[in-house]
Structure formats: structure tokens, C-alpha cells
file data37.cif (mmCIF, C-alpha atoms)
data_protein
loop_
_atom_site.label_atom_id
_atom_site.label_comp_id
_atom_site.auth_asym_id
_atom_site.auth_seq_id
_atom_site.Cartn_x
_atom_site.Cartn_y
_atom_site.Cartn_z
CA MET A 1 5.76 51.08 -35.55
CA THR A 2 6.10 47.29 -35.61
CA THR A 3 6.82 44.62 -33.02
CA GLY A 4 10.13 44.10 -34.75
CA ASP A 5 11.04 47.73 -34.15
CA CYS A 6 10.45 47.30 -30.43
CA LYS A 7 12.42 44.08 -30.20
CA SER A 8 15.39 45.54 -31.97
CA GLY A 9 15.26 48.78 -29.99
CA ARG A 10 15.03 50.93 -33.14
CA ASP A 11 11.88 52.71 -32.05
CA TYR A 12 13.40 54.71 -29.19
CA GLU A 13 10.52 57.18 -29.02
CA THR A 14 8.02 54.37 -28.51
CA ARG A 15 10.02 52.89 -25.67
CA ILE A 16 10.12 56.28 -23.95
CA GLN A 17 6.32 56.55 -24.26
CA VAL A 18 5.91 53.05 -22.82
CA ALA A 19 8.11 53.93 -19.84
CA ALA A 20 6.14 57.13 -19.26
CA CYS A 21 2.82 55.29 -19.27
CA LEU A 22 4.08 52.69 -16.80
CA SER A 23 5.50 55.31 -14.45
CA ARG A 24 2.21 57.24 -14.41
CA ASN A 25 -0.30 54.51 -13.70
CA GLY A 26 1.23 51.08 -14.27
CA THR A 27 -0.82 50.38 -17.42
CA LEU A 28 -0.22 50.61 -21.13
CA PRO A 29 -2.46 51.82 -23.94
CA SER A 30 -3.59 48.96 -26.15
CA ARG A 31 -1.35 50.06 -29.02
CA PHE A 32 1.74 49.43 -26.86
CA ARG A 33 0.77 46.21 -25.10
CA ARG A 34 1.63 43.74 -27.85
CA CYS A 35 4.95 45.43 -28.53
CA TYR A 36 5.84 45.53 -24.82
CA ALA A 37 4.86 41.91 -24.21
CA SER A 38 6.78 40.70 -27.26
CA ALA A 39 9.91 42.57 -26.26
CA MET A 40 9.81 41.28 -22.67
CA HIS A 41 9.06 37.72 -23.75
CA SER A 42 12.04 37.92 -26.09
CA SER A 43 14.27 39.07 -23.22
CA ALA A 44 13.22 36.08 -21.11
CA THR A 45 13.63 33.47 -23.81
CA GLN A 46 16.95 34.90 -24.96
CA THR A 47 18.38 34.32 -21.48
CA GLY A 48 17.38 30.64 -21.58
CA LEU A 49 14.35 30.93 -19.30
CA ARG A 50 11.00 29.21 -19.82
CA VAL A 51 7.93 31.35 -19.22
CA LEU A 52 5.67 29.66 -16.67
CA ILE A 53 3.10 32.42 -16.11
CA SER A 54 2.67 35.23 -18.61
CA HIS A 55 2.43 38.92 -17.79
CA ASP A 56 -1.21 39.00 -18.92
CA GLN A 57 -2.08 36.02 -16.70
CA ILE A 58 -0.46 37.73 -13.72
CA GLN A 59 -2.27 41.02 -14.28
CA LYS A 60 -5.64 39.29 -14.63
CA ARG A 61 -5.17 37.28 -11.44
CA VAL A 62 -3.84 40.26 -9.46
CA ALA A 63 -6.96 42.22 -10.45
CA GLU A 64 -9.14 39.35 -9.20
CA ILE A 65 -7.31 39.23 -5.87
CA GLY A 66 -7.62 43.00 -5.52
CA ALA A 67 -11.36 42.81 -6.09
CA GLN A 68 -11.67 40.03 -3.50
CA ILE A 69 -9.75 42.06 -0.89
CA THR A 70 -11.98 45.07 -1.63
CA ARG A 71 -15.06 42.95 -0.97
CA ASP A 72 -13.65 41.36 2.19
CA TYR A 73 -12.70 44.68 3.80
CA VAL A 74 -15.42 46.97 2.49
CA GLY A 75 -15.66 50.12 4.59
CA GLN A 76 -12.40 49.38 6.42
CA THR A 77 -8.76 50.41 6.13
CA ILE A 78 -5.90 47.97 5.61
CA VAL A 79 -2.14 47.89 5.90
CA PHE A 80 -0.18 46.04 3.23
CA VAL A 81 3.14 44.79 4.58
CA GLY A 82 5.45 43.76 1.76
CA VAL A 83 8.19 41.22 2.35
CA LEU A 84 11.32 42.66 0.76
CA LYS A 85 12.57 42.38 -1.84
CA GLY A 86 10.60 39.84 -3.81
CA ALA A 87 7.07 41.06 -3.07
CA SER A 88 7.64 44.67 -4.07
CA ILE A 89 6.31 44.37 -7.64
CA PHE A 90 3.35 42.22 -6.61
CA LEU A 91 2.50 44.68 -3.84
CA SER A 92 2.67 47.63 -6.21
CA ASP A 93 0.30 46.04 -8.72
CA LEU A 94 -2.04 44.57 -6.10
CA ALA A 95 -2.48 47.81 -4.16
CA ARG A 96 -3.66 49.62 -7.28
CA GLN A 97 -6.41 47.05 -7.70
CA VAL A 98 -7.77 47.52 -4.18
CA GLU A 99 -10.45 50.20 -3.84
CA LEU A 100 -9.93 50.89 -0.14
CA ASP A 101 -8.02 53.24 2.11
CA ALA A 102 -4.67 51.47 2.41
CA THR A 103 -1.16 52.15 3.66
CA PHE A 104 2.16 50.36 3.12
CA ASP A 105 4.90 49.07 5.36
CA PHE A 106 7.77 46.69 4.72
CA ILE A 107 9.62 43.91 6.49
CA SER A 108 12.75 42.04 5.50
CA VAL A 109 13.92 38.57 6.44
CA SER A 110 16.77 36.38 5.31
CA SER A 111 16.80 32.66 4.59
CA TYR A 112 17.96 31.97 1.04
CA GLY A 113 21.24 33.83 0.65
CA SER A 114 22.40 33.29 -2.92
CA GLY A 115 21.30 29.66 -3.24
CA VAL A 116 18.22 27.97 -4.65
CA ARG A 117 17.11 26.14 -1.49
CA SER A 118 16.09 27.66 1.81
CA SER A 119 18.63 27.30 4.60
CA GLY A 120 15.76 26.58 7.00
CA GLU A 121 16.94 29.35 9.31
CA VAL A 122 14.99 32.60 9.15
CA ARG A 123 16.19 35.84 10.70
CA LEU A 124 14.62 39.27 10.86
CA VAL A 125 16.59 41.92 8.96
CA LYS A 126 14.10 44.80 9.08
CA ASP A 127 10.91 45.15 11.13
CA VAL A 128 7.94 47.34 10.20
CA ASP A 129 8.27 51.07 10.79
CA ASN A 130 4.80 51.74 12.22
CA SER A 131 2.54 50.21 14.83
CA LEU A 132 0.16 47.53 13.56
CA GLU A 133 -1.87 47.26 16.75
CA GLY A 134 -5.60 47.14 16.07
CA LYS A 135 -5.16 47.26 12.29
CA ASN A 136 -6.17 44.99 9.42
CA VAL A 137 -2.86 43.66 8.14
CA ILE A 138 -2.20 41.77 4.92
CA ILE A 139 1.28 40.29 4.55
CA VAL A 140 2.24 40.42 0.87
CA GLU A 141 4.71 37.73 -0.16
CA ASP A 142 6.06 36.68 -3.54
CA ILE A 143 5.98 32.92 -2.92
CA LEU A 144 4.79 30.44 -0.32
CA ASP A 145 7.37 27.64 -0.33
CA THR A 146 8.24 25.55 2.73
CA GLY A 147 6.23 27.92 4.90
CA LEU A 148 9.15 28.53 7.26
CA THR A 149 9.41 32.23 6.42
CA LEU A 150 5.67 32.85 6.79
CA SER A 151 5.50 30.88 10.04
CA PHE A 152 8.25 33.09 11.39
CA LEU A 153 6.51 36.23 10.16
CA LEU A 154 3.12 35.26 11.57
CA LYS A 155 4.66 34.94 15.03
CA GLN A 156 6.37 38.31 14.62
CA PHE A 157 3.18 40.01 13.47
CA LEU A 158 0.98 38.54 16.18
CA ASN A 159 3.24 40.28 18.68
CA HIS A 160 2.06 43.56 17.13
CA LYS A 161 -1.56 42.69 18.11
CA PRO A 162 -3.29 43.45 14.76
CA LYS A 163 -7.06 43.43 14.44
CA SER A 164 -6.78 40.86 11.65
CA LEU A 165 -3.88 39.19 9.86
CA LYS A 166 -3.97 37.57 6.43
CA ILE A 167 -1.48 36.45 3.78
CA ALA A 168 -1.47 37.37 0.10
CA ALA A 169 1.01 35.38 -1.97
CA LEU A 170 1.50 35.53 -5.70
CA LEU A 171 2.75 31.94 -5.93
CA ASP A 172 2.20 28.81 -3.86
CA LYS A 173 4.62 25.90 -4.16
CA ILE A 174 2.44 23.70 -2.01
CA SER A 175 4.34 20.47 -2.69
CA ARG A 176 7.27 21.78 -0.62
CA ARG A 177 5.26 22.85 2.43
CA ILE A 178 6.63 21.58 5.75
CA THR A 179 4.62 23.87 8.05
CA ASP A 180 0.88 24.38 8.41
CA VAL A 181 0.70 27.76 6.66
CA ARG A 182 -1.85 28.70 4.03
CA GLY A 183 -2.34 31.83 1.99
CA ASP A 184 -5.63 33.67 2.23
CA TYR A 185 -5.18 35.23 -1.22
CA VAL A 186 -3.11 33.13 -3.62
CA GLY A 187 -2.35 33.90 -7.22
CA PHE A 188 -1.11 30.62 -8.68
CA GLU A 189 -0.14 27.15 -7.48
CA ILE A 190 3.09 26.11 -9.19
CA PRO A 191 5.19 22.92 -9.40
CA ASP A 192 8.45 22.41 -7.54
CA GLU A 193 10.65 24.37 -9.90
CA PHE A 194 12.90 27.33 -9.18
CA VAL A 195 11.22 30.44 -10.56
CA VAL A 196 12.34 33.99 -11.20
CA GLY A 197 10.82 37.19 -12.56
CA TYR A 198 8.12 39.59 -11.40
CA GLY A 199 10.16 40.35 -8.30
CA LEU A 200 11.64 36.91 -7.73
CA ASP A 201 15.37 36.55 -8.18
CA TYR A 202 18.33 34.26 -8.40
CA ALA A 203 21.36 35.95 -6.77
CA GLU A 204 19.55 39.29 -7.34
CA ARG A 205 19.07 38.73 -11.08
CA TYR A 206 15.85 38.52 -13.13
CA ARG A 207 13.60 40.52 -10.75
CA ASN A 208 12.62 42.92 -13.54
CA LEU A 209 11.15 40.31 -15.89
CA PRO A 210 7.38 40.84 -16.25
CA GLU A 211 6.61 37.11 -16.32
CA VAL A 212 7.28 34.27 -13.89
CA CYS A 213 9.90 32.05 -15.50
CA VAL A 214 11.57 28.74 -14.70
CA LEU A 215 15.31 28.95 -14.14
CA PRO A 216 16.90 25.79 -15.64
CA PRO A 217 19.47 23.88 -13.58
CA GLU A 218 22.33 24.85 -15.88
CA LEU A 219 21.82 28.51 -14.95
CA GLN A 220 21.69 27.88 -11.21
#

call {"tool": "encode", "arguments": {"input": "data37.cif", "output": "C-alpha cells"}}
result
Amino acid sequence: MTTGDCKSGRDYETRIQVAACLSRNGTLPSRFRRCYASAMHSSATQTGLRVLISHDQIQKRVAEIGAQITRDYVGQTIVFVGVLKGASIFLSDLARQVELDATFDFISVSSYGSGVRSSGEVRLVKDVDNSLEGKNVIIVEDILDTGLTLSFLLKQFLNHKPKSLKIAALLDKISRRITDVRGDYVGFEIPDEFVVGYGLDYAERYRNLPEVCVLPPELQ
């Protein structure tokens, strides 16, 4: 098997094995990693995207955040609340790095529509399914941008009377912040560029890319 075989799709059996490994535990044996990364990088660059944060960089940082959360809440239980849809991949990877008793819930808000700039108006689409009263809650978000969405969510969550409330965000575009919101667990600070991949989208595209990539203006 060669990297070229994976890129061209000739090695069908290998791709099936890769998919099986990912579905079981989210990790790949070392013999598959280079092939997988090369194939995914090729898919990003072929669509005209520039890789900003590699898959390996993301996985390393997510593991570090998971270890920090484990230390901060040792002996306690936590509830991860993912903000749909963008945070779903980050939440999945992060939760597997946390060595604590944890449960999931999800919330959905709307502010972007199909554009590249926030409308500034945030509305609740889906609330959590279970009570958060008296629980340690970590809001899991894909990106901290203007802070409008997180400000809205913090008010919503405080109404649930949690024991503690913190924010985990994969990305922080701090230069665009217009509200006083800060992440407690932040993966990467990034410049003011529109990014996609690893759960982030443009008009629902690109979520499945394993890296965080910059979407050039001509594709917006």
C-alpha cells in the first residue's frame, strides 16, 4: 500500500479498514495515519482551501484540553452541552479525552443563516433535553467569534441553575469580539478569516474536513 494508492482511491480495502478503525474508537493505527492525512489534505487543497490548522495539531490540542478538564473536575461528573451543528465533531473528540463520568446534551441556535457574517440576532432553535440544575456544565462550541451567541447561551444556561458553567471552544477569533465573553478551554486563537472544516461549514459544506481551513473570498 502506498500514499498514492489512498489518494487515488485504488486501495479500497485499506479505506474500509480506516473507516472501521475510526468508527470503533476514533483513532487510526500508525500504518494508516500518513495515508489518511495525505488523502484528506489532498481533498482540502483540491477544493481551493488553505489549511490553517492540521488534523494532527487539532488532535494534540484536544487531548491537552481533555486532560485539563479531567484535572479541574477530578472526582466529579460533568455535562457536555454541544452547540449544534458545528461543535459536534469537537465534542466527540474532546469527550473521549476526558477521564470522568460525563453525559451529553445539545442545544441549537441560529444567527448566521447561509452567510459569512453573523446577523447579530440570535434565536434559540432547540433547548437542552434534560435538567442542568446543580450540575457541572461545559458548553462546547466550535468557535468564539463576536461573542453574541455565547452571551445569549450563558443567559439561557444560567436560568437552568447549574452548579458550574464553563465554555470550551475549539477556535477563538478574539479580534472580532464585541461582548465580554471568554472561553475557559480554548484550542486555538485564529485571525479574522472565514474558516471551515472539523465541523465548521459554509452553507452546510466542508464540515467533514479533518483540518480547519480558510475559505477564500472567491468561494464565499

call {"tool": "atom_distance", "arguments": {"input": "data37.cif", "atom1": "CA of Ile143 (chain A)", "atom2": "CA of Asn159 (chain A)"}}
result
23.0 Å

call {"tool": "resolve_selection", "arguments": {"input": "data37.cif", "expression": "the PyMOL selection byres ((chain A and resi 181) around 9)", "output": "VMD selection string"}}
result
chain A and resid 144 146 to 148 150 to 151 177 to 180 182 to 183

call {"tool": "atom_distance", "arguments": {"input": "data37.cif", "atom1": "CA of Lys163 (chain A)", "atom2": "CA of Ile65 (chain A)"}}
result
20.7 Å

call {"tool": "resolve_selection", "arguments": {"input": "data37.cif", "expression": "the PyMOL selection byres ((chain A and resi 95-98) around 12)", "output": "PyMOL selection string"}}
result
chain A and resi 24-27+59-74+76-82+87-94+99-104+138+140+168

call {"tool": "resolve_selection", "arguments": {"input": "data37.cif", "expression": "the PyMOL selection byres ((chain A and resi 208) around 9)", "output": "PyMOL selection string"}}
result
chain A and resi 89+197-201+205-207+209-211

call {"tool": "axis_aligned_box", "arguments": {"input": "data37.cif", "around": "region 177-181 of chain A", "padding_each_side": "6 Å", "output": "lines of an AutoDock Vina configuration file"}}
result
center_x = 3.7
center_y = 24.7
center_z = 5.4
size_x = 17.9
size_y = 18.2
size_z = 18.0

call {"tool": "closest_residue", "arguments": {"input": "data37.cif", "among": "A:Val83, A:Leu158, A:Leu52, A:Leu165", "to": "Cys213 (chain A)", "atoms": "all atoms listed in the file"}}
result
A:Leu52

call {"tool": "atom_distance", "arguments": {"input": "data37.cif", "atom1": "CA of Glu141 (chain A)", "atom2": "CA of Leu170 (chain A)"}}
result
6.8 Å

call {"tool": "residues_around", "arguments": {"input": "data37.cif", "residues": "Glu121 (chain A)", "least_positions_apart": "5", "cutoff": "9 Å", "atoms": "only C-alpha atoms", "output": "JSON list (two decimals) with C-alpha atoms, in the frame of the given file"}}
result
[["chain", "number", "residue", "atom", "x", "y", "z"],
["A", 110, "SER", "CA", 16.77, 36.38, 5.31],
["A", 111, "SER", "CA", 16.80, 32.66, 4.59],
["A", 112, "TYR", "CA", 17.96, 31.97, 1.04],
["A", 148, "LEU", "CA", 9.15, 28.53, 7.26],
["A", 149, "THR", "CA", 9.41, 32.23, 6.42]]
